[in-house]
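Structure file upload.cif (mmCIF, C-alpha atoms) is printed below.
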data_entry
#
loop_
_atom_site.label_atom_id
_atom_site.label_comp_id
_atom_site.auth_asym_id
_atom_site.auth_seq_id
_atom_site.Cartn_x
_atom_site.Cartn_y
_atom_site.Cartn_z
CA MET A 1 54.50 -190.53 -248.21
CA VAL A 2 55.53 -192.77 -245.36
CA ILE A 3 55.97 -189.93 -242.90
CA ASP A 4 52.37 -188.85 -243.38
CA ASN A 5 51.13 -192.18 -242.15
CA ASN A 6 53.48 -192.29 -239.19
CA LEU A 7 51.45 -190.85 -236.34
CA GLU A 8 54.32 -190.83 -233.88
CA SER A 9 56.38 -188.87 -236.35
CA ASN A 10 53.58 -186.30 -236.66
CA GLU A 11 53.53 -185.82 -232.89
CA ILE A 12 57.29 -185.38 -232.90
CA GLN A 13 57.05 -182.84 -235.73
CA ILE A 14 54.51 -180.84 -233.73
CA GLN A 15 56.57 -181.16 -230.54
CA GLN A 16 59.64 -179.84 -232.38
CA GLY A 17 57.52 -177.08 -233.92
CA ARG A 18 56.36 -176.07 -230.43
CA GLU A 19 59.97 -175.77 -229.27
CA LYS A 20 60.89 -173.59 -232.24
CA TRP A 21 57.72 -171.53 -231.69
CA LEU A 22 58.80 -171.01 -228.09
CA GLU A 23 62.26 -169.83 -229.16
CA ALA A 24 60.61 -167.24 -231.43
CA VAL A 25 58.37 -166.00 -228.56
CA ARG A 26 61.29 -165.80 -226.12
CA ALA A 27 63.31 -163.85 -228.70
CA LYS A 28 60.29 -161.65 -229.55
CA ASP A 29 60.93 -162.47 -233.22
CA LEU A 30 57.58 -161.62 -234.80
CA LYS A 31 58.60 -162.51 -238.36
CA ARG A 32 59.76 -166.00 -237.37
CA LEU A 33 56.77 -166.45 -235.07
CA MET A 34 54.24 -165.84 -237.83
CA THR A 35 55.70 -168.67 -239.96
CA PHE A 36 53.94 -171.06 -237.55
CA TYR A 37 50.46 -169.64 -238.24
CA SER A 38 47.87 -170.10 -240.94
CA PRO A 39 46.65 -166.82 -242.52
CA GLU A 40 43.16 -167.90 -241.35
CA ILE A 41 44.12 -168.15 -237.66
CA VAL A 42 41.19 -167.81 -235.21
CA LEU A 43 42.44 -166.60 -231.82
CA PHE A 44 40.61 -166.68 -228.47
CA ASP A 45 42.99 -164.52 -226.42
CA LEU A 46 43.45 -163.67 -222.71
CA THR A 47 41.90 -160.24 -223.20
CA PRO A 48 38.95 -158.95 -225.31
CA PRO A 49 37.50 -159.18 -227.91
CA LEU A 50 35.94 -162.66 -227.80
CA GLN A 51 37.84 -163.65 -230.92
CA LEU A 52 40.42 -162.28 -233.37
CA LEU A 53 40.24 -163.40 -237.00
CA GLY A 54 43.11 -163.61 -239.47
CA GLU A 55 46.87 -163.14 -239.27
CA ASN A 56 46.78 -159.35 -239.57
CA SER A 57 44.92 -158.86 -236.30
CA TYR A 58 47.15 -161.52 -234.80
CA ILE A 59 50.36 -159.74 -235.88
CA LYS A 60 49.02 -156.52 -234.32
CA ASN A 61 48.31 -158.43 -231.11
CA TRP A 62 51.80 -159.94 -230.79
CA LYS A 63 53.41 -156.65 -231.77
CA GLU A 64 51.64 -154.82 -228.94
CA CYS A 65 52.61 -157.60 -226.55
CA PHE A 66 56.29 -157.54 -227.57
CA GLU A 67 56.45 -153.72 -227.43
CA MET A 68 55.00 -153.72 -223.91
CA ILE A 69 57.65 -156.14 -222.58
CA ASP A 70 61.06 -155.01 -221.36
CA GLY A 71 63.72 -157.56 -222.36
CA LEU A 72 63.04 -161.20 -223.12
CA ILE A 73 59.96 -163.24 -222.26
CA ASP A 74 60.37 -166.24 -219.98
CA TYR A 75 57.88 -168.91 -220.96
CA GLU A 76 57.50 -172.27 -219.21
CA ILE A 77 55.31 -175.09 -220.57
CA ARG A 78 54.07 -178.13 -218.63
CA ASP A 79 51.49 -180.92 -218.92
CA GLN A 80 51.70 -180.65 -222.71
CA ASP A 81 49.66 -183.24 -224.56
CA ILE A 82 49.62 -183.58 -228.36
CA THR A 83 47.01 -185.57 -230.30
CA ALA A 84 47.91 -185.94 -233.98
CA SER A 85 46.63 -187.73 -237.06
CA SER A 86 48.28 -187.40 -240.47
CA ASP A 87 46.92 -183.88 -241.14
CA VAL A 88 44.90 -182.63 -238.15
CA ALA A 89 46.18 -182.22 -234.60
CA PHE A 90 45.55 -180.39 -231.35
CA SER A 91 47.58 -179.81 -228.22
CA HIS A 92 46.93 -178.45 -224.75
CA SER A 93 49.23 -177.35 -221.98
CA LEU A 94 49.64 -175.14 -218.96
CA THR A 95 51.97 -172.25 -219.56
CA ARG A 96 53.63 -169.70 -217.33
CA MET A 97 54.67 -166.37 -218.74
CA LYS A 98 57.14 -164.34 -216.75
CA ALA A 99 58.14 -160.93 -218.02
CA LYS A 100 58.56 -157.31 -217.01
CA THR A 101 56.65 -154.52 -218.71
CA LYS A 102 58.40 -151.30 -219.73
CA THR A 103 56.42 -149.57 -216.97
CA GLY A 104 58.08 -151.85 -214.40
CA HIS A 105 55.10 -154.14 -213.76
CA GLU A 106 55.95 -157.82 -213.31
CA LEU A 107 53.83 -160.37 -215.19
CA LYS A 108 53.95 -163.88 -213.79
CA THR A 109 50.86 -165.92 -214.53
CA TRP A 110 49.94 -169.51 -215.31
CA PHE A 111 47.41 -169.83 -218.10
CA ARG A 112 45.88 -172.55 -220.25
CA VAL A 113 46.76 -172.95 -223.95
CA THR A 114 44.94 -175.07 -226.53
CA VAL A 115 46.26 -175.13 -230.11
CA GLY A 116 44.65 -176.53 -233.28
CA PHE A 117 46.88 -177.51 -236.23
CA ARG A 118 46.46 -178.49 -239.87
CA LYS A 119 49.16 -179.90 -242.08
CA ILE A 120 49.13 -177.74 -245.21
CA ASN A 121 51.57 -178.49 -248.05
CA GLY A 122 53.56 -180.75 -245.73
CA LYS A 123 53.92 -178.19 -242.93
CA TRP A 124 52.01 -178.09 -239.63
CA LEU A 125 50.35 -174.68 -239.24
CA ILE A 126 48.39 -173.29 -236.31
CA THR A 127 44.82 -172.50 -237.39
CA HIS A 128 43.38 -171.94 -233.91
CA GLU A 129 44.72 -170.84 -230.52
CA HIS A 130 42.78 -170.52 -227.27
CA ILE A 131 44.54 -168.87 -224.30
CA SER A 132 42.83 -168.17 -220.99
CA VAL A 133 42.79 -167.97 -217.22
CA PRO A 134 39.72 -168.97 -215.22
CA PHE A 135 37.80 -166.40 -213.12
CA ASP A 136 36.47 -166.43 -209.58
CA PRO A 137 32.66 -166.71 -209.82
CA THR A 138 32.11 -164.66 -206.64
CA SER A 139 34.44 -161.70 -207.21
CA ARG A 140 34.41 -162.09 -211.03
CA GLN A 141 38.15 -161.36 -210.94
CA ALA A 142 40.48 -163.21 -213.32
CA SER A 143 42.39 -165.89 -211.38
CA LEU A 144 45.92 -164.72 -212.16
CA ASP A 145 47.64 -166.33 -209.16
CA LEU A 146 46.73 -170.00 -209.68
CA LYS A 147 49.41 -172.67 -209.76
CA PRO A 148 49.21 -176.13 -211.31
CA GLU A 149 48.88 -178.97 -208.82
CA GLU A 150 52.11 -180.92 -208.36
CA MET B 1 36.04 -198.61 -243.99
CA VAL B 2 34.96 -196.06 -246.57
CA ILE B 3 33.43 -193.74 -244.00
CA ASP B 4 36.74 -193.42 -242.16
CA ASN B 5 38.39 -191.95 -245.22
CA ASN B 6 35.59 -189.57 -245.95
CA LEU B 7 36.61 -186.36 -244.23
CA GLU B 8 33.37 -184.58 -244.96
CA SER B 9 31.51 -187.43 -243.35
CA ASN B 10 33.68 -187.10 -240.22
CA GLU B 11 32.84 -183.42 -239.96
CA ILE B 12 29.16 -184.25 -240.36
CA GLN B 13 29.44 -186.93 -237.66
CA ILE B 14 30.98 -184.40 -235.28
CA GLN B 15 28.42 -181.75 -236.19
CA GLN B 16 25.59 -184.19 -235.47
CA GLY B 17 27.32 -185.21 -232.23
CA ARG B 18 27.48 -181.54 -231.17
CA GLU B 19 23.74 -181.21 -231.75
CA LYS B 20 22.99 -184.27 -229.64
CA TRP B 21 25.46 -183.03 -226.98
CA LEU B 22 23.55 -179.74 -226.92
CA GLU B 23 20.22 -181.54 -226.44
CA ALA B 24 21.72 -183.36 -223.42
CA VAL B 25 22.97 -180.06 -221.89
CA ARG B 26 19.64 -178.32 -222.49
CA ALA B 27 17.81 -181.24 -220.86
CA LYS B 28 20.39 -181.41 -218.01
CA ASP B 29 20.73 -185.14 -218.75
CA LEU B 30 24.08 -185.95 -217.12
CA LYS B 31 24.05 -189.64 -218.03
CA ARG B 32 23.49 -188.96 -221.72
CA LEU B 33 25.96 -186.07 -221.65
CA MET B 34 28.82 -188.23 -220.36
CA THR B 35 28.49 -190.64 -223.31
CA PHE B 36 30.20 -187.92 -225.40
CA TYR B 37 33.35 -187.82 -223.24
CA SER B 38 36.50 -189.89 -223.00
CA PRO B 39 37.27 -191.14 -219.45
CA GLU B 40 40.59 -189.25 -219.83
CA ILE B 41 38.96 -185.87 -220.49
CA VAL B 42 41.15 -182.84 -219.68
CA LEU B 43 39.00 -179.78 -218.95
CA PHE B 44 40.04 -176.12 -218.83
CA ASP B 45 36.87 -174.62 -217.33
CA LEU B 46 35.47 -171.10 -216.81
CA THR B 47 36.31 -171.19 -213.10
CA PRO B 48 39.30 -172.62 -211.11
CA PRO B 49 41.26 -174.84 -210.88
CA LEU B 50 43.49 -174.41 -213.97
CA GLN B 51 42.53 -177.89 -215.17
CA LEU B 52 40.28 -180.82 -214.24
CA LEU B 53 41.46 -184.33 -215.09
CA GLY B 54 39.28 -187.37 -215.75
CA GLU B 55 35.57 -187.99 -216.11
CA ASN B 56 34.88 -188.22 -212.36
CA SER B 57 35.86 -184.63 -211.67
CA TYR B 58 34.02 -183.68 -214.82
CA ILE B 59 30.79 -185.40 -213.71
CA LYS B 60 31.02 -183.55 -210.38
CA ASN B 61 31.44 -180.30 -212.26
CA TRP B 62 28.39 -180.75 -214.50
CA LYS B 63 26.33 -182.03 -211.57
CA GLU B 64 27.03 -178.86 -209.58
CA CYS B 65 26.21 -176.77 -212.64
CA PHE B 66 22.90 -178.58 -213.29
CA GLU B 67 21.90 -178.42 -209.60
CA MET B 68 22.54 -174.69 -209.50
CA ILE B 69 20.27 -173.99 -212.48
CA ASP B 70 16.49 -173.54 -212.16
CA GLY B 71 14.74 -175.13 -215.15
CA LEU B 72 16.33 -175.70 -218.53
CA ILE B 73 19.53 -174.22 -219.91
CA ASP B 74 19.32 -172.13 -223.06
CA TYR B 75 22.49 -172.57 -225.08
CA GLU B 76 23.23 -170.81 -228.36
CA ILE B 77 26.19 -171.69 -230.57
CA ARG B 78 27.63 -169.55 -233.39
CA ASP B 79 30.75 -169.30 -235.57
CA GLN B 80 31.31 -173.05 -235.10
CA ASP B 81 34.20 -174.42 -237.12
CA ILE B 82 35.12 -178.14 -237.24
CA THR B 83 38.46 -179.49 -238.54
CA ALA B 84 38.44 -183.28 -238.86
CA SER B 85 40.70 -186.04 -240.14
CA SER B 86 39.77 -189.72 -239.96
CA ASP B 87 40.43 -190.03 -236.20
CA VAL B 88 41.47 -186.65 -234.75
CA ALA B 89 39.41 -183.46 -234.82
CA PHE B 90 38.93 -180.14 -233.10
CA SER B 91 36.21 -177.51 -233.14
CA HIS B 92 35.81 -173.98 -231.86
CA SER B 93 32.79 -171.76 -231.43
CA LEU B 94 31.28 -168.89 -229.53
CA THR B 95 28.55 -169.95 -227.16
CA ARG B 96 25.95 -168.09 -225.16
CA MET B 97 24.53 -169.68 -222.06
CA LYS B 98 21.30 -168.26 -220.71
CA ALA B 99 19.86 -169.68 -217.52
CA LYS B 100 18.46 -168.75 -214.13
CA THR B 101 20.03 -169.97 -210.90
CA LYS B 102 17.87 -171.32 -208.09
CA THR B 103 18.80 -168.18 -206.13
CA GLY B 104 17.18 -166.05 -208.86
CA HIS B 105 20.37 -164.79 -210.48
CA GLU B 106 20.29 -164.58 -214.28
CA LEU B 107 23.27 -165.96 -216.22
CA LYS B 108 23.63 -164.65 -219.74
CA THR B 109 27.17 -164.73 -221.04
CA TRP B 110 28.99 -165.32 -224.29
CA PHE B 111 32.06 -167.51 -223.92
CA ARG B 112 34.58 -169.30 -226.14
CA VAL B 113 34.59 -173.09 -226.50
CA THR B 114 37.32 -175.26 -228.05
CA VAL B 115 36.84 -179.03 -228.18
CA GLY B 116 39.34 -181.80 -229.02
CA PHE B 117 38.05 -185.16 -230.28
CA ARG B 118 39.45 -188.62 -230.95
CA LYS B 119 37.62 -191.38 -232.77
CA ILE B 120 37.84 -194.40 -230.47
CA ASN B 121 36.27 -197.71 -231.54
CA GLY B 122 34.40 -195.91 -234.32
CA LYS B 123 32.90 -193.24 -232.05
CA TRP B 124 34.00 -189.61 -231.73
CA LEU B 125 34.76 -188.83 -228.09
CA ILE B 126 35.72 -185.52 -226.48
CA THR B 127 39.17 -185.79 -224.90
CA HIS B 128 39.69 -182.07 -224.26
CA GLU B 129 37.48 -179.06 -223.64
CA HIS B 130 38.56 -175.45 -223.11
CA ILE B 131 35.90 -172.93 -222.04
CA SER B 132 36.68 -169.33 -221.18
CA VAL B 133 35.87 -165.63 -221.17
CA PRO B 134 38.60 -163.01 -221.62
CA PHE B 135 39.43 -160.52 -218.84
CA ASP B 136 39.94 -156.78 -218.79
CA PRO B 137 43.69 -156.19 -218.24
CA THR B 138 43.09 -152.94 -216.30
CA SER B 139 40.35 -153.99 -213.86
CA ARG B 140 41.27 -157.71 -214.03
CA GLN B 141 37.53 -158.43 -214.12
CA ALA B 142 36.21 -161.27 -216.27
CA SER B 143 34.57 -159.83 -219.39
CA LEU B 144 31.12 -161.35 -218.96
CA ASP B 145 29.20 -158.82 -221.05
CA LEU B 146 30.96 -159.15 -224.40
CA LYS B 147 29.00 -159.82 -227.58
CA PRO B 148 30.29 -161.33 -230.82
CA GLU B 149 30.67 -158.87 -233.67
CA GLU B 150 27.94 -159.15 -236.30
#
Just give me the structure of the file as structure tokens.
Amino acid sequence: MVIDNNLESNEIQIQQGREKWLEAVRAKDLKRLMTFYSPEIVLFDLTPPLQLLGENSYIKNWKECFEMIDGLIDYEIRDQDITASSDVAFSHSLTRMKAKTKTGHELKTWFRVTVGFRKINGKWLITHEHISVPFDPTSRQASLDLKPEE
Amino acid sequence: MVIDNNLESNEIQIQQGREKWLEAVRAKDLKRLMTFYSPEIVLFDLTPPLQLLGENSYIKNWKECFEMIDGLIDYEIRDQDITASSDVAFSHSLTRMKAKTKTGHELKTWFRVTVGFRKINGKWLITHEHISVPFDPTSRQASLDLKPEE
């Protein structure tokens, strides 16, 4: 297939996939969201454990997140960089989530996102996701108030 | 080239590269270590800022780390998974660093590592690295005492 050998086209496919993924997160549409993931997803998330394996634990994770949030999730992505070959790709970006919990707490944090993709049966699927904030080595507190440099 | 189309061989190349990278870290050999990185490396590190751009800030980072450590660094890698095409690859693993600082403090923490690679002029180079620990959402403390599940 010509498309498979067109690297630029692969980056565009992933870019478009990221936009559709974002729509699903904003709309808290778990069913649509999971169509972007491989059943063998390995997740390194913001909070423990060290890793979550497989889509079932991942669905549970997103479900808890969506249930905790009041209304829609505002999600801003910047400094996104996509590196793609014909069937393996990764991307990284800085992301700001802004949302209100049902208990009235406001979440507004920049974090780092790295995503690993494989093209399986002609469709790019996420097989790995790594989401984090750094921590202050003196206080050992998570650095939740950092901003990207302009 | 035949090797370029042999995916298994690419994974083996990266695996061998990771072993040599590890030798350089253990030996605190900064010059050798930097041969594994692209000049355009984008680093999401354990501690702030959100991201470090380019090999110069990365060299500074490793230098400070190596100077802080008394003696060699013990580094254990597990659950490593490598996904490679002919010129783009990524890997993820859990890693334990064990070392003593010059001020007598013992570091012994499991963290998550994701690495993005590109094959440039026939050599696999690291263009992106994401290293983190999760944090406890209640105390907001970095979770430095987690262990991988057996």
Checklist line | Computed interatomic separation between CA of Ile69 in chain A and CA of Asn56 in chain A (Å) | finding: 20.4 Å
Next item on the list: To verify the selection step, state as a PyMOL selection string which residues the PyMOL selection byres ((chain B) within 6 of (chain A)) yields on this input.
Entry: chain B and resi 46-48+85+88+134-136+140-142
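The environment of range 23-35 of chain B within 10 Å, counting only C-alpha atoms and disregarding residues fewer than 6 places along the same chain, consists of Gly17, Glu55, Tyr58, Ile59, Lys60, Trp62, Lys63, Cys65, Phe66, Glu67, Ile69, Gly71, Leu72, Ile73, Asp74, Tyr75, Met97, Ala99, Leu125 and Ile126 of chain B.
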Output the coordinates of chain B after least-squares fitting to chain A on all in-order C-alpha pairs, as an mmCIF file with C-alpha atoms, keeping the file's coordinate frame.
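And here's out34.cif as it stands now:
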data_model
loop_
_atom_site.group_PDB
_atom_site.id
_atom_site.type_symbol
_atom_site.label_atom_id
_atom_site.label_comp_id
_atom_site.auth_asym_id
_atom_site.auth_seq_id
_atom_site.Cartn_x
_atom_site.Cartn_y
_atom_site.Cartn_z
ATOM 1 C CA MET B 1 54.604 -190.563 -248.171
ATOM 2 C CA VAL B 2 55.624 -192.823 -245.311
ATOM 3 C CA ILE B 3 56.036 -189.960 -242.869
ATOM 4 C CA ASP B 4 52.424 -188.883 -243.355
ATOM 5 C CA ASN B 5 51.177 -192.215 -242.095
ATOM 6 C CA ASN B 6 53.482 -192.296 -239.143
ATOM 7 C CA LEU B 7 51.450 -190.810 -236.320
ATOM 8 C CA GLU B 8 54.305 -190.800 -233.861
ATOM 9 C CA SER B 9 56.358 -188.849 -236.343
ATOM 10 C CA ASN B 10 53.558 -186.265 -236.652
ATOM 11 C CA GLU B 11 53.504 -185.795 -232.898
ATOM 12 C CA ILE B 12 57.276 -185.390 -232.913
ATOM 13 C CA GLN B 13 57.022 -182.841 -235.739
ATOM 14 C CA ILE B 14 54.503 -180.831 -233.726
ATOM 15 C CA GLN B 15 56.559 -181.137 -230.551
ATOM 16 C CA GLN B 16 59.634 -179.839 -232.378
ATOM 17 C CA GLY B 17 57.524 -177.064 -233.919
ATOM 18 C CA ARG B 18 56.351 -176.031 -230.430
ATOM 19 C CA GLU B 19 59.966 -175.778 -229.289
ATOM 20 C CA LYS B 20 60.900 -173.584 -232.237
ATOM 21 C CA TRP B 21 57.716 -171.515 -231.694
ATOM 22 C CA LEU B 22 58.809 -171.010 -228.085
ATOM 23 C CA GLU B 23 62.272 -169.832 -229.170
ATOM 24 C CA ALA B 24 60.601 -167.228 -231.430
ATOM 25 C CA VAL B 25 58.370 -165.978 -228.558
ATOM 26 C CA ARG B 26 61.293 -165.821 -226.126
ATOM 27 C CA ALA B 27 63.327 -163.858 -228.683
ATOM 28 C CA LYS B 28 60.304 -161.641 -229.551
ATOM 29 C CA ASP B 29 60.947 -162.471 -233.222
ATOM 30 C CA LEU B 30 57.586 -161.618 -234.807
ATOM 31 C CA LYS B 31 58.608 -162.533 -238.352
ATOM 32 C CA ARG B 32 59.772 -166.006 -237.363
ATOM 33 C CA LEU B 33 56.776 -166.450 -235.065
ATOM 34 C CA MET B 34 54.247 -165.834 -237.847
ATOM 35 C CA THR B 35 55.707 -168.663 -239.965
ATOM 36 C CA PHE B 36 53.927 -171.051 -237.552
ATOM 37 C CA TYR B 37 50.448 -169.629 -238.237
ATOM 38 C CA SER B 38 47.845 -170.100 -240.933
ATOM 39 C CA PRO B 39 46.634 -166.815 -242.513
ATOM 40 C CA GLU B 40 43.139 -167.892 -241.345
ATOM 41 C CA ILE B 41 44.098 -168.150 -237.666
ATOM 42 C CA VAL B 42 41.182 -167.810 -235.214
ATOM 43 C CA LEU B 43 42.412 -166.601 -231.817
ATOM 44 C CA PHE B 44 40.600 -166.677 -228.469
ATOM 45 C CA ASP B 45 42.979 -164.508 -226.423
ATOM 46 C CA LEU B 46 43.439 -163.663 -222.723
ATOM 47 C CA THR B 47 41.876 -160.227 -223.195
ATOM 48 C CA PRO B 48 38.917 -158.950 -225.330
ATOM 49 C CA PRO B 49 37.483 -159.173 -227.922
ATOM 50 C CA LEU B 50 35.916 -162.671 -227.798
ATOM 51 C CA GLN B 51 37.840 -163.664 -230.925
ATOM 52 C CA LEU B 52 40.425 -162.293 -233.365
ATOM 53 C CA LEU B 53 40.242 -163.411 -236.991
ATOM 54 C CA GLY B 54 43.119 -163.608 -239.463
ATOM 55 C CA GLU B 55 46.866 -163.156 -239.269
ATOM 56 C CA ASN B 56 46.782 -159.348 -239.559
ATOM 57 C CA SER B 57 44.923 -158.856 -236.299
ATOM 58 C CA TYR B 58 47.134 -161.520 -234.809
ATOM 59 C CA ILE B 59 50.352 -159.748 -235.871
ATOM 60 C CA LYS B 60 49.029 -156.532 -234.300
ATOM 61 C CA ASN B 61 48.319 -158.428 -231.111
ATOM 62 C CA TRP B 62 51.796 -159.954 -230.784
ATOM 63 C CA LYS B 63 53.420 -156.657 -231.765
ATOM 64 C CA GLU B 64 51.644 -154.838 -228.929
ATOM 65 C CA CYS B 65 52.617 -157.627 -226.545
ATOM 66 C CA PHE B 66 56.302 -157.556 -227.580
ATOM 67 C CA GLU B 67 56.442 -153.735 -227.421
ATOM 68 C CA MET B 68 55.001 -153.743 -223.920
ATOM 69 C CA ILE B 69 57.641 -156.150 -222.593
ATOM 70 C CA ASP B 70 61.078 -155.010 -221.378
ATOM 71 C CA GLY B 71 63.722 -157.561 -222.394
ATOM 72 C CA LEU B 72 63.043 -161.211 -223.095
ATOM 73 C CA ILE B 73 59.963 -163.242 -222.246
ATOM 74 C CA ASP B 74 60.373 -166.251 -219.985
ATOM 75 C CA TYR B 75 57.874 -168.918 -220.967
ATOM 76 C CA GLU B 76 57.478 -172.264 -219.221
ATOM 77 C CA ILE B 77 55.314 -175.074 -220.578
ATOM 78 C CA ARG B 78 54.071 -178.121 -218.634
ATOM 79 C CA ASP B 79 51.503 -180.926 -218.923
ATOM 80 C CA GLN B 80 51.685 -180.624 -222.727
ATOM 81 C CA ASP B 81 49.654 -183.237 -224.558
ATOM 82 C CA ILE B 82 49.611 -183.589 -228.376
ATOM 83 C CA THR B 83 46.995 -185.598 -230.322
ATOM 84 C CA ALA B 84 47.905 -185.941 -233.999
ATOM 85 C CA SER B 85 46.620 -187.708 -237.096
ATOM 86 C CA SER B 86 48.268 -187.363 -240.503
ATOM 87 C CA ASP B 87 46.913 -183.840 -241.155
ATOM 88 C CA VAL B 88 44.882 -182.621 -238.156
ATOM 89 C CA ALA B 89 46.167 -182.211 -234.605
ATOM 90 C CA PHE B 90 45.541 -180.398 -231.360
ATOM 91 C CA SER B 91 47.570 -179.820 -228.220
ATOM 92 C CA HIS B 92 46.915 -178.451 -224.762
ATOM 93 C CA SER B 93 49.220 -177.353 -221.985
ATOM 94 C CA LEU B 94 49.635 -175.143 -218.972
ATOM 95 C CA THR B 95 51.967 -172.245 -219.566
ATOM 96 C CA ARG B 96 53.620 -169.709 -217.317
ATOM 97 C CA MET B 97 54.665 -166.389 -218.744
ATOM 98 C CA LYS B 98 57.150 -164.354 -216.755
ATOM 99 C CA ALA B 99 58.158 -160.940 -218.018
ATOM 100 C CA LYS B 100 58.575 -157.318 -217.006
ATOM 101 C CA THR B 101 56.663 -154.519 -218.707
ATOM 102 C CA LYS B 102 58.422 -151.319 -219.729
ATOM 103 C CA THR B 103 56.440 -149.580 -216.969
ATOM 104 C CA GLY B 104 58.097 -151.872 -214.397
ATOM 105 C CA HIS B 105 55.125 -154.137 -213.746
ATOM 106 C CA GLU B 106 55.957 -157.826 -213.311
ATOM 107 C CA LEU B 107 53.826 -160.381 -215.176
ATOM 108 C CA LYS B 108 53.940 -163.883 -213.775
ATOM 109 C CA THR B 109 50.858 -165.924 -214.524
ATOM 110 C CA TRP B 110 49.937 -169.498 -215.300
ATOM 111 C CA PHE B 111 47.409 -169.826 -218.104
ATOM 112 C CA ARG B 112 45.864 -172.558 -220.256
ATOM 113 C CA VAL B 113 46.754 -172.946 -223.937
ATOM 114 C CA THR B 114 44.950 -175.074 -226.542
ATOM 115 C CA VAL B 115 46.254 -175.130 -230.114
ATOM 116 C CA GLY B 116 44.650 -176.520 -233.295
ATOM 117 C CA PHE B 117 46.875 -177.499 -236.233
ATOM 118 C CA ARG B 118 46.434 -178.490 -239.867
ATOM 119 C CA LYS B 119 49.162 -179.892 -242.075
ATOM 120 C CA ILE B 120 49.123 -177.723 -245.198
ATOM 121 C CA ASN B 121 51.564 -178.455 -248.039
ATOM 122 C CA GLY B 122 53.541 -180.744 -245.733
ATOM 123 C CA LYS B 123 53.912 -178.178 -242.939
ATOM 124 C CA TRP B 124 52.008 -178.072 -239.645
ATOM 125 C CA LEU B 125 50.346 -174.678 -239.247
ATOM 126 C CA ILE B 126 48.373 -173.286 -236.308
ATOM 127 C CA THR B 127 44.810 -172.499 -237.385
ATOM 128 C CA HIS B 128 43.372 -171.954 -233.899
ATOM 129 C CA GLU B 129 44.693 -170.840 -230.532
ATOM 130 C CA HIS B 130 42.768 -170.525 -227.265
ATOM 131 C CA ILE B 131 44.530 -168.878 -224.306
ATOM 132 C CA SER B 132 42.823 -168.176 -221.004
ATOM 133 C CA VAL B 133 42.789 -167.956 -217.223
ATOM 134 C CA PRO B 134 39.713 -168.966 -215.214
ATOM 135 C CA PHE B 135 37.795 -166.411 -213.114
ATOM 136 C CA ASP B 136 36.486 -166.440 -209.573
ATOM 137 C CA PRO B 137 32.668 -166.715 -209.816
ATOM 138 C CA THR B 138 32.124 -164.662 -206.627
ATOM 139 C CA SER B 139 34.449 -161.693 -207.213
ATOM 140 C CA ARG B 140 34.417 -162.093 -211.027
ATOM 141 C CA GLN B 141 38.156 -161.372 -210.939
ATOM 142 C CA ALA B 142 40.485 -163.208 -213.314
ATOM 143 C CA SER B 143 42.393 -165.882 -211.389
ATOM 144 C CA LEU B 144 45.921 -164.724 -212.172
ATOM 145 C CA ASP B 145 47.642 -166.322 -209.182
ATOM 146 C CA LEU B 146 46.742 -169.978 -209.686
ATOM 147 C CA LYS B 147 49.427 -172.661 -209.750
ATOM 148 C CA PRO B 148 49.208 -176.118 -211.313
ATOM 149 C CA GLU B 149 48.913 -178.959 -208.832
ATOM 150 C CA GLU B 150 52.130 -180.933 -208.384
#
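For the set A:Lys102, A:Lys108, A:Arg18, A:Lys119, the residue with the smallest atom-to-atom gap to Met68 in chain A is A:Lys102, counting only C-alpha atoms.
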Check: Please, what distance in Å, to one decimal, runs between CA of Asn121 in chain B and CA of Glu40 in chain B?
Finding: 15.1 Å
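One distance worth recording is that between CA of Ile82 in chain A and CA of Ile14 in chain A, which is 7.8 Å.
Among B:Leu53, B:Ser38, B:Gln15, B:Thr138, the residue with the shortest atom-to-atom distance to Asp79 in chain A, counting only C-alpha atoms, is B:Leu53.
Non-sequential neighbours of Lys100 in chain B (distance at most 6 Å, separation of 6 or more positions within a chain, only C-alpha atoms) are Ile69, Asp70, Glu106 and Leu107 of chain B.
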Let me see the file: selected residues, C-alpha atoms, as a PDB file, in the frame of the given file.
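Output below, filename part01.pdb:
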ATOM      1  CA  ILE B  69      20.270-173.990-212.480  1.00  0.00           C
ATOM      2  CA  ASP B  70      16.490-173.540-212.160  1.00  0.00           C
ATOM      3  CA  GLU B 106      20.290-164.580-214.280  1.00  0.00           C
ATOM      4  CA  LEU B 107      23.270-165.960-216.220  1.00  0.00           C
TER       5      LEU B 107
END
